[in-house]
>>> print(open('structure33.txt').read())   # compact mmCIF, N, CA and C atoms
# COMPACT_ATOMS: atom_id res chain seq x y z
N ALA A 139 -98.88 119.34 31.18
CA ALA A 139 -100.17 119.98 31.42
C ALA A 139 -101.26 119.18 30.73
N LYS A 140 -102.47 119.34 31.23
CA LYS A 140 -103.60 118.68 30.60
C LYS A 140 -103.78 119.21 29.19
N LYS A 141 -104.46 118.43 28.36
CA LYS A 141 -104.70 118.85 26.98
C LYS A 141 -105.46 120.18 26.98
N GLY A 142 -104.96 121.12 26.21
CA GLY A 142 -105.60 122.43 26.13
C GLY A 142 -105.24 123.37 27.27
N GLU A 143 -104.37 122.95 28.17
CA GLU A 143 -104.00 123.76 29.33
C GLU A 143 -102.68 124.48 29.18
N SER A 144 -101.93 124.23 28.11
CA SER A 144 -100.59 124.80 28.02
C SER A 144 -100.61 126.32 27.95
N VAL A 145 -101.57 126.91 27.23
CA VAL A 145 -101.64 128.37 27.16
C VAL A 145 -102.03 128.97 28.51
N PRO A 146 -103.11 128.47 29.16
CA PRO A 146 -103.43 129.02 30.49
C PRO A 146 -102.31 128.81 31.52
N VAL A 147 -101.63 127.67 31.47
CA VAL A 147 -100.53 127.43 32.40
C VAL A 147 -99.41 128.44 32.16
N THR A 148 -99.08 128.68 30.90
CA THR A 148 -98.03 129.65 30.58
C THR A 148 -98.43 131.05 31.03
N LYS A 149 -99.69 131.43 30.82
CA LYS A 149 -100.16 132.73 31.30
C LYS A 149 -100.04 132.82 32.81
N ASP A 150 -100.39 131.74 33.50
CA ASP A 150 -100.28 131.72 34.96
C ASP A 150 -98.82 131.83 35.41
N ILE A 151 -97.93 131.15 34.72
CA ILE A 151 -96.51 131.21 35.06
C ILE A 151 -96.00 132.64 34.90
N ILE A 152 -96.45 133.30 33.84
CA ILE A 152 -96.07 134.70 33.64
C ILE A 152 -96.58 135.56 34.79
N LYS A 153 -97.81 135.31 35.25
CA LYS A 153 -98.36 136.04 36.41
C LYS A 153 -97.50 135.78 37.65
N VAL A 154 -97.11 134.55 37.85
CA VAL A 154 -96.29 134.19 39.01
C VAL A 154 -94.95 134.93 38.95
N ARG A 155 -94.33 134.94 37.78
CA ARG A 155 -93.04 135.64 37.64
C ARG A 155 -93.19 137.13 37.91
N LYS A 156 -94.25 137.74 37.37
CA LYS A 156 -94.48 139.17 37.61
C LYS A 156 -94.73 139.43 39.09
N PHE A 157 -95.46 138.54 39.73
CA PHE A 157 -95.76 138.66 41.15
C PHE A 157 -94.48 138.63 41.98
N TYR A 158 -93.62 137.65 41.69
CA TYR A 158 -92.37 137.54 42.44
C TYR A 158 -91.45 138.72 42.15
N GLU A 159 -91.44 139.19 40.91
CA GLU A 159 -90.62 140.37 40.56
C GLU A 159 -91.12 141.59 41.33
N ALA A 160 -92.44 141.75 41.39
CA ALA A 160 -93.02 142.88 42.13
C ALA A 160 -92.67 142.79 43.61
N MET A 161 -92.70 141.58 44.16
CA MET A 161 -92.36 141.42 45.58
C MET A 161 -90.90 141.77 45.83
N LYS A 162 -90.03 141.46 44.88
CA LYS A 162 -88.62 141.77 45.03
C LYS A 162 -88.38 143.28 45.02
N ASN A 163 -89.10 143.96 44.16
CA ASN A 163 -88.87 145.39 43.94
C ASN A 163 -89.70 146.31 44.82
N ASP A 164 -90.72 145.76 45.49
CA ASP A 164 -91.65 146.58 46.27
C ASP A 164 -91.73 146.05 47.69
N GLN A 165 -91.18 146.80 48.63
CA GLN A 165 -91.16 146.34 50.01
C GLN A 165 -92.18 147.08 50.88
N THR A 166 -93.39 147.28 50.35
CA THR A 166 -94.44 147.93 51.12
C THR A 166 -95.04 146.94 52.12
N GLU A 167 -95.87 147.44 52.99
CA GLU A 167 -96.49 146.58 54.00
C GLU A 167 -97.36 145.50 53.36
N ALA A 168 -98.09 145.87 52.29
CA ALA A 168 -98.95 144.89 51.60
C ALA A 168 -98.11 143.77 51.00
N THR A 169 -97.00 144.13 50.41
CA THR A 169 -96.11 143.13 49.82
C THR A 169 -95.53 142.22 50.89
N MET A 170 -95.20 142.79 52.03
CA MET A 170 -94.65 142.00 53.13
C MET A 170 -95.66 140.95 53.60
N LYS A 171 -96.96 141.31 53.59
CA LYS A 171 -97.99 140.34 53.97
C LYS A 171 -97.99 139.16 52.99
N TYR A 172 -97.85 139.45 51.68
CA TYR A 172 -97.79 138.38 50.68
C TYR A 172 -96.57 137.50 50.91
N GLN A 173 -95.44 138.13 51.24
CA GLN A 173 -94.23 137.35 51.50
C GLN A 173 -94.44 136.45 52.72
N ASP A 174 -95.09 136.98 53.75
CA ASP A 174 -95.37 136.16 54.93
C ASP A 174 -96.26 134.98 54.56
N LEU A 175 -97.25 135.24 53.70
CA LEU A 175 -98.17 134.19 53.26
C LEU A 175 -97.40 133.11 52.49
N ILE A 176 -96.57 133.52 51.56
CA ILE A 176 -95.80 132.57 50.75
C ILE A 176 -94.79 131.81 51.59
N ASN A 177 -94.12 132.50 52.48
CA ASN A 177 -93.07 131.88 53.29
C ASN A 177 -93.60 131.14 54.51
N GLY A 178 -94.91 131.23 54.77
CA GLY A 178 -95.51 130.52 55.89
C GLY A 178 -95.07 131.03 57.25
N GLN A 179 -94.97 132.33 57.37
CA GLN A 179 -94.57 132.94 58.63
C GLN A 179 -95.63 132.68 59.71
N PRO A 180 -95.23 132.66 60.98
CA PRO A 180 -96.17 132.42 62.09
C PRO A 180 -97.32 133.43 62.14
N SER A 181 -97.12 134.63 61.57
CA SER A 181 -98.18 135.64 61.59
C SER A 181 -99.36 135.25 60.71
N VAL A 182 -99.17 134.26 59.83
CA VAL A 182 -100.24 133.79 58.94
C VAL A 182 -100.86 132.56 59.58
N ASP A 183 -102.13 132.69 59.96
CA ASP A 183 -102.82 131.61 60.66
C ASP A 183 -103.54 130.70 59.66
N MET A 184 -102.76 129.96 58.84
CA MET A 184 -103.31 129.04 57.85
C MET A 184 -102.35 127.86 57.72
N ASN A 185 -102.93 126.72 57.37
CA ASN A 185 -102.04 125.59 57.07
C ASN A 185 -101.54 125.75 55.63
N ASN A 186 -100.62 124.90 55.22
CA ASN A 186 -99.98 125.04 53.91
C ASN A 186 -100.97 124.98 52.75
N VAL A 187 -101.94 124.08 52.80
CA VAL A 187 -102.91 123.94 51.72
C VAL A 187 -103.80 125.19 51.64
N GLU A 188 -104.21 125.72 52.79
CA GLU A 188 -105.00 126.95 52.80
C GLU A 188 -104.19 128.12 52.24
N ARG A 189 -102.92 128.15 52.59
CA ARG A 189 -102.05 129.21 52.05
C ARG A 189 -101.97 129.14 50.54
N SER A 190 -101.80 127.92 50.00
CA SER A 190 -101.69 127.77 48.54
C SER A 190 -102.98 128.20 47.85
N ALA A 191 -104.13 127.86 48.44
CA ALA A 191 -105.43 128.26 47.86
C ALA A 191 -105.58 129.79 47.88
N GLU A 192 -105.15 130.41 48.97
CA GLU A 192 -105.24 131.87 49.08
C GLU A 192 -104.33 132.56 48.06
N ILE A 193 -103.15 132.01 47.87
CA ILE A 193 -102.22 132.59 46.89
C ILE A 193 -102.77 132.44 45.48
N CYS A 194 -103.36 131.31 45.17
CA CYS A 194 -103.97 131.11 43.85
C CYS A 194 -105.07 132.14 43.60
N LYS A 195 -105.90 132.36 44.63
CA LYS A 195 -106.97 133.36 44.52
C LYS A 195 -106.38 134.75 44.30
N MET A 196 -105.37 135.05 45.07
CA MET A 196 -104.72 136.35 45.04
C MET A 196 -104.14 136.64 43.65
N MET A 197 -103.58 135.63 43.00
CA MET A 197 -102.95 135.80 41.69
C MET A 197 -103.95 135.73 40.54
N GLY A 198 -105.15 135.22 40.80
CA GLY A 198 -106.15 135.11 39.74
C GLY A 198 -105.74 134.13 38.65
N LEU A 199 -105.33 132.94 39.04
CA LEU A 199 -104.85 131.95 38.09
C LEU A 199 -105.98 131.42 37.20
N GLU A 200 -105.64 131.15 35.93
CA GLU A 200 -106.62 130.71 34.95
C GLU A 200 -106.66 129.19 34.77
N SER A 201 -105.52 128.54 34.90
CA SER A 201 -105.44 127.11 34.61
C SER A 201 -105.97 126.29 35.78
N THR A 202 -106.23 125.01 35.50
CA THR A 202 -106.60 124.09 36.58
C THR A 202 -105.36 123.35 37.10
N VAL A 203 -104.29 123.41 36.33
CA VAL A 203 -103.07 122.66 36.66
C VAL A 203 -102.25 123.35 37.74
N LEU A 204 -102.03 124.64 37.61
CA LEU A 204 -101.13 125.34 38.54
C LEU A 204 -101.65 125.35 39.98
N PRO A 205 -102.96 125.54 40.23
CA PRO A 205 -103.41 125.46 41.62
C PRO A 205 -103.13 124.09 42.26
N VAL A 206 -103.24 123.03 41.48
CA VAL A 206 -102.94 121.69 42.00
C VAL A 206 -101.45 121.58 42.30
N PHE A 207 -100.63 122.15 41.42
CA PHE A 207 -99.18 122.14 41.64
C PHE A 207 -98.82 122.97 42.87
N PHE A 208 -99.47 124.13 43.03
CA PHE A 208 -99.25 124.95 44.23
C PHE A 208 -99.56 124.15 45.49
N ARG A 209 -100.70 123.44 45.49
CA ARG A 209 -101.10 122.65 46.65
C ARG A 209 -100.05 121.57 46.93
N PHE A 210 -99.55 120.92 45.87
CA PHE A 210 -98.52 119.90 46.02
C PHE A 210 -97.27 120.49 46.67
N LEU A 211 -96.82 121.65 46.14
CA LEU A 211 -95.63 122.30 46.72
C LEU A 211 -95.86 122.67 48.18
N ALA A 212 -97.06 123.16 48.49
CA ALA A 212 -97.36 123.55 49.86
C ALA A 212 -97.33 122.34 50.79
N LYS A 213 -97.92 121.23 50.35
CA LYS A 213 -97.91 120.01 51.17
C LYS A 213 -96.49 119.52 51.44
N LYS A 214 -95.62 119.67 50.45
CA LYS A 214 -94.23 119.22 50.59
C LYS A 214 -93.33 120.29 51.20
N GLN A 215 -93.94 121.41 51.60
CA GLN A 215 -93.22 122.54 52.19
C GLN A 215 -92.10 123.04 51.27
N ARG A 216 -92.45 123.16 50.00
CA ARG A 216 -91.49 123.62 48.98
C ARG A 216 -92.01 124.86 48.24
N PHE A 217 -92.99 125.53 48.81
CA PHE A 217 -93.62 126.65 48.13
C PHE A 217 -92.66 127.81 47.91
N ASN A 218 -91.65 127.92 48.76
CA ASN A 218 -90.67 129.01 48.62
C ASN A 218 -89.94 128.96 47.27
N GLY A 219 -89.90 127.79 46.65
CA GLY A 219 -89.20 127.64 45.38
C GLY A 219 -90.02 127.99 44.16
N MET A 220 -91.25 128.45 44.34
CA MET A 220 -92.14 128.70 43.20
C MET A 220 -91.56 129.73 42.23
N GLY A 221 -90.92 130.76 42.72
CA GLY A 221 -90.34 131.77 41.83
C GLY A 221 -89.28 131.18 40.92
N MET A 222 -88.41 130.35 41.49
CA MET A 222 -87.36 129.70 40.70
C MET A 222 -87.96 128.71 39.71
N ILE A 223 -89.00 128.01 40.13
CA ILE A 223 -89.67 127.05 39.25
C ILE A 223 -90.29 127.78 38.05
N ALA A 224 -90.92 128.92 38.31
CA ALA A 224 -91.53 129.71 37.23
C ALA A 224 -90.46 130.20 36.26
N ASP A 225 -89.33 130.66 36.78
CA ASP A 225 -88.23 131.11 35.91
C ASP A 225 -87.73 129.95 35.05
N TYR A 226 -87.55 128.80 35.67
CA TYR A 226 -87.07 127.62 34.94
C TYR A 226 -88.05 127.22 33.85
N TYR A 227 -89.34 127.23 34.16
CA TYR A 227 -90.39 126.89 33.19
C TYR A 227 -90.26 127.77 31.95
N MET A 228 -90.13 129.09 32.17
CA MET A 228 -90.04 130.02 31.04
C MET A 228 -88.75 129.81 30.25
N GLU A 229 -87.64 129.55 30.92
CA GLU A 229 -86.38 129.28 30.24
C GLU A 229 -86.52 128.07 29.32
N GLU A 230 -87.12 127.01 29.84
CA GLU A 230 -87.29 125.79 29.05
C GLU A 230 -88.28 126.01 27.90
N LEU A 231 -89.33 126.77 28.14
CA LEU A 231 -90.29 127.09 27.08
C LEU A 231 -89.60 127.87 25.96
N TYR A 232 -88.79 128.85 26.34
CA TYR A 232 -88.06 129.64 25.34
C TYR A 232 -87.11 128.74 24.54
N LYS A 233 -86.41 127.82 25.21
CA LYS A 233 -85.51 126.91 24.51
C LYS A 233 -86.28 126.04 23.52
N GLU A 234 -87.39 125.49 24.00
CA GLU A 234 -88.20 124.59 23.17
C GLU A 234 -88.75 125.30 21.93
N GLN A 235 -89.15 126.57 22.09
CA GLN A 235 -89.75 127.31 20.98
C GLN A 235 -88.73 128.20 20.26
N ASN A 236 -87.46 128.06 20.61
CA ASN A 236 -86.37 128.83 19.99
C ASN A 236 -86.62 130.34 20.08
N ILE A 237 -86.97 130.79 21.28
CA ILE A 237 -87.18 132.21 21.57
C ILE A 237 -86.01 132.69 22.42
N VAL A 238 -85.42 133.81 22.03
CA VAL A 238 -84.30 134.36 22.79
C VAL A 238 -84.77 135.64 23.49
N PRO A 239 -84.69 135.67 24.82
CA PRO A 239 -85.03 136.91 25.53
C PRO A 239 -83.89 137.92 25.42
N ILE A 240 -84.24 139.13 25.09
CA ILE A 240 -83.28 140.22 24.93
C ILE A 240 -83.70 141.36 25.84
N ARG A 241 -82.76 141.91 26.61
CA ARG A 241 -83.00 143.10 27.43
C ARG A 241 -82.31 144.27 26.77
N VAL A 242 -83.08 145.32 26.53
CA VAL A 242 -82.53 146.54 25.95
C VAL A 242 -82.73 147.67 26.95
N THR A 243 -81.65 148.31 27.33
CA THR A 243 -81.70 149.48 28.21
C THR A 243 -81.28 150.67 27.37
N SER A 244 -82.13 151.69 27.34
CA SER A 244 -81.84 152.85 26.51
C SER A 244 -82.00 154.14 27.31
N ALA A 245 -81.41 155.20 26.78
CA ALA A 245 -81.50 156.50 27.43
C ALA A 245 -82.90 157.09 27.30
N GLN A 246 -83.58 156.75 26.20
CA GLN A 246 -84.94 157.23 25.95
C GLN A 246 -85.80 156.05 25.53
N THR A 247 -87.11 156.22 25.59
CA THR A 247 -88.03 155.17 25.18
C THR A 247 -87.81 154.85 23.70
N LEU A 248 -87.70 153.57 23.39
CA LEU A 248 -87.52 153.15 22.01
C LEU A 248 -88.83 153.23 21.23
N THR A 249 -88.74 153.61 19.96
CA THR A 249 -89.94 153.62 19.11
C THR A 249 -90.22 152.19 18.66
N ASP A 250 -91.41 151.97 18.12
CA ASP A 250 -91.75 150.64 17.61
C ASP A 250 -90.81 150.24 16.47
N ASP A 251 -90.45 151.20 15.62
CA ASP A 251 -89.52 150.91 14.51
C ASP A 251 -88.16 150.48 15.04
N GLN A 252 -87.68 151.16 16.09
CA GLN A 252 -86.39 150.79 16.68
C GLN A 252 -86.46 149.39 17.28
N LYS A 253 -87.56 149.08 17.97
CA LYS A 253 -87.72 147.74 18.56
C LYS A 253 -87.75 146.68 17.47
N ASP A 254 -88.49 146.96 16.39
CA ASP A 254 -88.56 146.00 15.27
C ASP A 254 -87.19 145.78 14.65
N SER A 255 -86.42 146.86 14.50
CA SER A 255 -85.08 146.77 13.94
C SER A 255 -84.17 145.93 14.83
N ILE A 256 -84.24 146.15 16.14
CA ILE A 256 -83.44 145.36 17.09
C ILE A 256 -83.84 143.90 17.02
N ARG A 257 -85.15 143.62 17.02
CA ARG A 257 -85.63 142.23 16.92
C ARG A 257 -85.07 141.56 15.66
N SER A 258 -85.18 142.25 14.54
CA SER A 258 -84.74 141.70 13.26
C SER A 258 -83.24 141.38 13.29
N LYS A 259 -82.45 142.33 13.76
CA LYS A 259 -80.99 142.13 13.80
C LYS A 259 -80.61 141.03 14.79
N MET A 260 -81.30 140.98 15.93
CA MET A 260 -80.97 139.96 16.93
C MET A 260 -81.41 138.56 16.46
N LYS A 261 -82.46 138.48 15.66
CA LYS A 261 -82.84 137.18 15.08
C LYS A 261 -81.71 136.65 14.20
N LYS A 262 -81.13 137.55 13.41
CA LYS A 262 -80.02 137.14 12.53
C LYS A 262 -78.81 136.73 13.35
N ILE A 263 -78.49 137.49 14.38
CA ILE A 263 -77.31 137.20 15.20
C ILE A 263 -77.47 135.89 15.97
N THR A 264 -78.65 135.68 16.57
CA THR A 264 -78.87 134.51 17.43
C THR A 264 -79.38 133.29 16.68
N GLY A 265 -79.99 133.50 15.51
CA GLY A 265 -80.61 132.39 14.78
C GLY A 265 -81.91 131.95 15.41
N ALA A 266 -82.49 132.78 16.26
CA ALA A 266 -83.73 132.44 16.97
C ALA A 266 -84.94 132.55 16.04
N ALA A 267 -85.98 131.80 16.36
CA ALA A 267 -87.24 131.90 15.62
C ALA A 267 -87.97 133.17 16.01
N ASP A 268 -87.79 133.60 17.27
CA ASP A 268 -88.45 134.82 17.74
C ASP A 268 -87.60 135.45 18.83
N ILE A 269 -87.85 136.72 19.06
CA ILE A 269 -87.15 137.48 20.09
C ILE A 269 -88.16 138.02 21.09
N LYS A 270 -87.91 137.80 22.36
CA LYS A 270 -88.72 138.39 23.44
C LYS A 270 -87.94 139.60 23.92
N LEU A 271 -88.39 140.77 23.51
CA LEU A 271 -87.67 142.00 23.81
C LEU A 271 -88.27 142.69 25.03
N VAL A 272 -87.43 142.92 26.02
CA VAL A 272 -87.83 143.66 27.22
C VAL A 272 -87.05 144.96 27.21
N SER A 273 -87.76 146.06 27.13
CA SER A 273 -87.13 147.37 27.00
C SER A 273 -87.31 148.17 28.29
N THR A 274 -86.21 148.74 28.78
CA THR A 274 -86.28 149.62 29.94
C THR A 274 -85.53 150.91 29.63
N VAL A 275 -85.92 151.96 30.32
CA VAL A 275 -85.28 153.26 30.14
C VAL A 275 -84.44 153.56 31.37
N ASN A 276 -83.20 153.99 31.13
CA ASN A 276 -82.30 154.40 32.20
C ASN A 276 -81.79 155.80 31.85
N ALA A 277 -82.32 156.79 32.51
CA ALA A 277 -81.97 158.18 32.22
C ALA A 277 -80.50 158.48 32.52
N ASP A 278 -79.83 157.60 33.27
CA ASP A 278 -78.42 157.81 33.58
C ASP A 278 -77.52 157.58 32.36
N LEU A 279 -78.03 156.85 31.36
CA LEU A 279 -77.26 156.66 30.13
C LEU A 279 -77.23 157.99 29.38
N LEU A 280 -76.09 158.33 28.85
CA LEU A 280 -75.97 159.59 28.11
C LEU A 280 -76.67 159.51 26.76
N GLY A 281 -76.64 158.36 26.15
CA GLY A 281 -77.28 158.17 24.85
C GLY A 281 -77.12 156.73 24.42
N GLY A 282 -77.80 156.36 23.35
CA GLY A 282 -77.69 155.01 22.82
C GLY A 282 -78.45 154.00 23.64
N PHE A 283 -78.00 152.73 23.55
CA PHE A 283 -78.67 151.67 24.28
C PHE A 283 -77.70 150.52 24.54
N LYS A 284 -78.09 149.64 25.45
CA LYS A 284 -77.30 148.47 25.83
C LYS A 284 -78.18 147.25 25.61
N ILE A 285 -77.66 146.24 24.93
CA ILE A 285 -78.40 144.99 24.67
C ILE A 285 -77.74 143.87 25.46
N GLU A 286 -78.58 143.11 26.17
CA GLU A 286 -78.09 141.95 26.92
C GLU A 286 -78.88 140.72 26.49
N TYR A 287 -78.17 139.61 26.28
CA TYR A 287 -78.82 138.33 25.98
C TYR A 287 -77.86 137.21 26.30
N ASN A 288 -78.41 135.99 26.41
CA ASN A 288 -77.55 134.82 26.71
C ASN A 288 -77.29 134.04 25.45
>>> encode(input="structure33.txt", output="structure tokens")
Amino acid sequence: AKKGESVPVTKDIIKVRKFYEAMKNDQTEATMKYQDLINGQPSVDMNNVERSAEICKMMGLESTVLPVFFRFLAKKQRFNGMGMIADYYMEELYKEQNIVPIRVTSAQTLTDDQKDSIRSKMKKITGAADIKLVSTVNADLLGGFKIEYN
């Protein structure tokens, strides 16, 4: 990334990941239009470069680097891989900064103290500099919580 662009690029990558996650989990008509736009379906009357510009606008990207990368992918007809590229970027960033992502699924919402305790214990177990904790609630669990990490 250009000098001073690493933070905006990372924020944009996070937006891209959230966008793709939302598209996976939400199959409404509006989401289907976005999928058609990204996948270049015949119903979208735009060339690849126009599609990439529209998607950048739609996502509200902050960096100057990612829109150029989107345009490059669109020209090479590789835009479908953007979700995987964003995932890979974050995996490599976590490795570089020694951050371990942890998923916690619990029967009830965890308190801040519980989250801090889990972070602290997982830092010791993994030897990570930091823990990225993603907490979800699953009412089907009878009690307790489940921790997943790589």
>>> atom_distance(input="structure33.txt", atom1="atom N of Tyr232 of chain A", atom2="atom N of Asp268 of chain A")
10.3 Å
>>> atom_distance(input="structure33.txt", atom1="atom CA of Gln173 of chain A", atom2="atom CA of Pro146 of chain A")
24.4 Å
>>> atom_distance(input="structure33.txt", atom1="atom C of Met260 of chain A", atom2="atom CA of Asn288 of chain A")
11.6 Å
>>> residues_around(input="structure33.txt", residues="Val145 of chain A", least_positions_apart="4", cutoff="12 Å", atoms="only C-alpha atoms", output="PyMOL selection string")
chain A and resi 139-141+149-152+199-204+231
>>> closest_residue(input="structure33.txt", among="A:Ser258, A:Arg209, A:Thr247, A:Gly282", to="Glu188 of chain A", atoms="only C-alpha atoms")
A:Arg209
>>> select_by_dssp(input="structure33.txt", residues="chain A", states="helix (DSSP H, G or I)", output="MDAnalysis selection string")
chainID A and resid 144:163 167:177 186:197 203:213 217:234 250:264
>>> residues_around(input="structure33.txt", residues="Arg216 of chain A", least_positions_apart="4", cutoff="12 Å", atoms="only C-alpha atoms", output="number ranges by chain")
A: 176-178, 186-187, 190, 207-212, 220-223
>>> residues_around(input="structure33.txt", residues="Asn236 of chain A", least_positions_apart="2", cutoff="9 Å", atoms="only C-alpha atoms", output="list in words")
Leu231, Tyr232, Lys233, Glu234, Val238, Gly265, Ala266, Ala267, Asp268 and Ile269 of chain A
>>> residues_around(input="structure33.txt", residues="Met197 of chain A", least_positions_apart="3", cutoff="8 Å", atoms="only N, CA and C atoms", output="number ranges by chain")
A: 150, 153-154, 157, 191-194, 200
>>> write_last_selection(input="structure33.txt", atoms="N, CA and C atoms", output="JSON list (two decimals), in the frame of the given file")
[["chain", "number", "residue", "atom", "x", "y", "z"],
["A", 150, "ASP", "N", -100.39, 131.74, 33.50],
["A", 150, "ASP", "CA", -100.28, 131.72, 34.96],
["A", 150, "ASP", "C", -98.82, 131.83, 35.41],
["A", 153, "LYS", "N", -97.81, 135.31, 35.25],
["A", 153, "LYS", "CA", -98.36, 136.04, 36.41],
["A", 153, "LYS", "C", -97.50, 135.78, 37.65],
["A", 154, "VAL", "N", -97.11, 134.55, 37.85],
["A", 154, "VAL", "CA", -96.29, 134.19, 39.01],
["A", 154, "VAL", "C", -94.95, 134.93, 38.95],
["A", 157, "PHE", "N", -95.46, 138.54, 39.73],
["A", 157, "PHE", "CA", -95.76, 138.66, 41.15],
["A", 157, "PHE", "C", -94.48, 138.63, 41.98],
["A", 191, "ALA", "N", -104.13, 127.86, 48.44],
["A", 191, "ALA", "CA", -105.43, 128.26, 47.86],
["A", 191, "ALA", "C", -105.58, 129.79, 47.88],
["A", 192, "GLU", "N", -105.15, 130.41, 48.97],
["A", 192, "GLU", "CA", -105.24, 131.87, 49.08],
["A", 192, "GLU", "C", -104.33, 132.56, 48.06],
["A", 193, "ILE", "N", -103.15, 132.01, 47.87],
["A", 193, "ILE", "CA", -102.22, 132.59, 46.89],
["A", 193, "ILE", "C", -102.77, 132.44, 45.48],
["A", 194, "CYS", "N", -103.36, 131.31, 45.17],
["A", 194, "CYS", "CA", -103.97, 131.11, 43.85],
["A", 194, "CYS", "C", -105.07, 132.14, 43.60],
["A", 200, "GLU", "N", -105.64, 131.15, 35.93],
["A", 200, "GLU", "CA", -106.62, 130.71, 34.95],
["A", 200, "GLU", "C", -106.66, 129.19, 34.77]]
>>> select_by_dssp(input="structure33.txt", residues="chain A", states="strand (DSSP E or B)", output="list in words")
Ile237, Val238, Pro239, Ile240, Arg241, Val242, Thr243, Ser244, Asp268, Ile269, Lys270, Leu271, Val272, Ser273, Thr274, Val275, Phe283, Lys284, Ile285 and Glu286 of chain A
>>> closest_residue(input="structure33.txt", among="A:Lys162, A:Arg155, A:Lys195, A:Lys262", to="Ala224 of chain A", atoms="only N, CA and C atoms")
A:Arg155
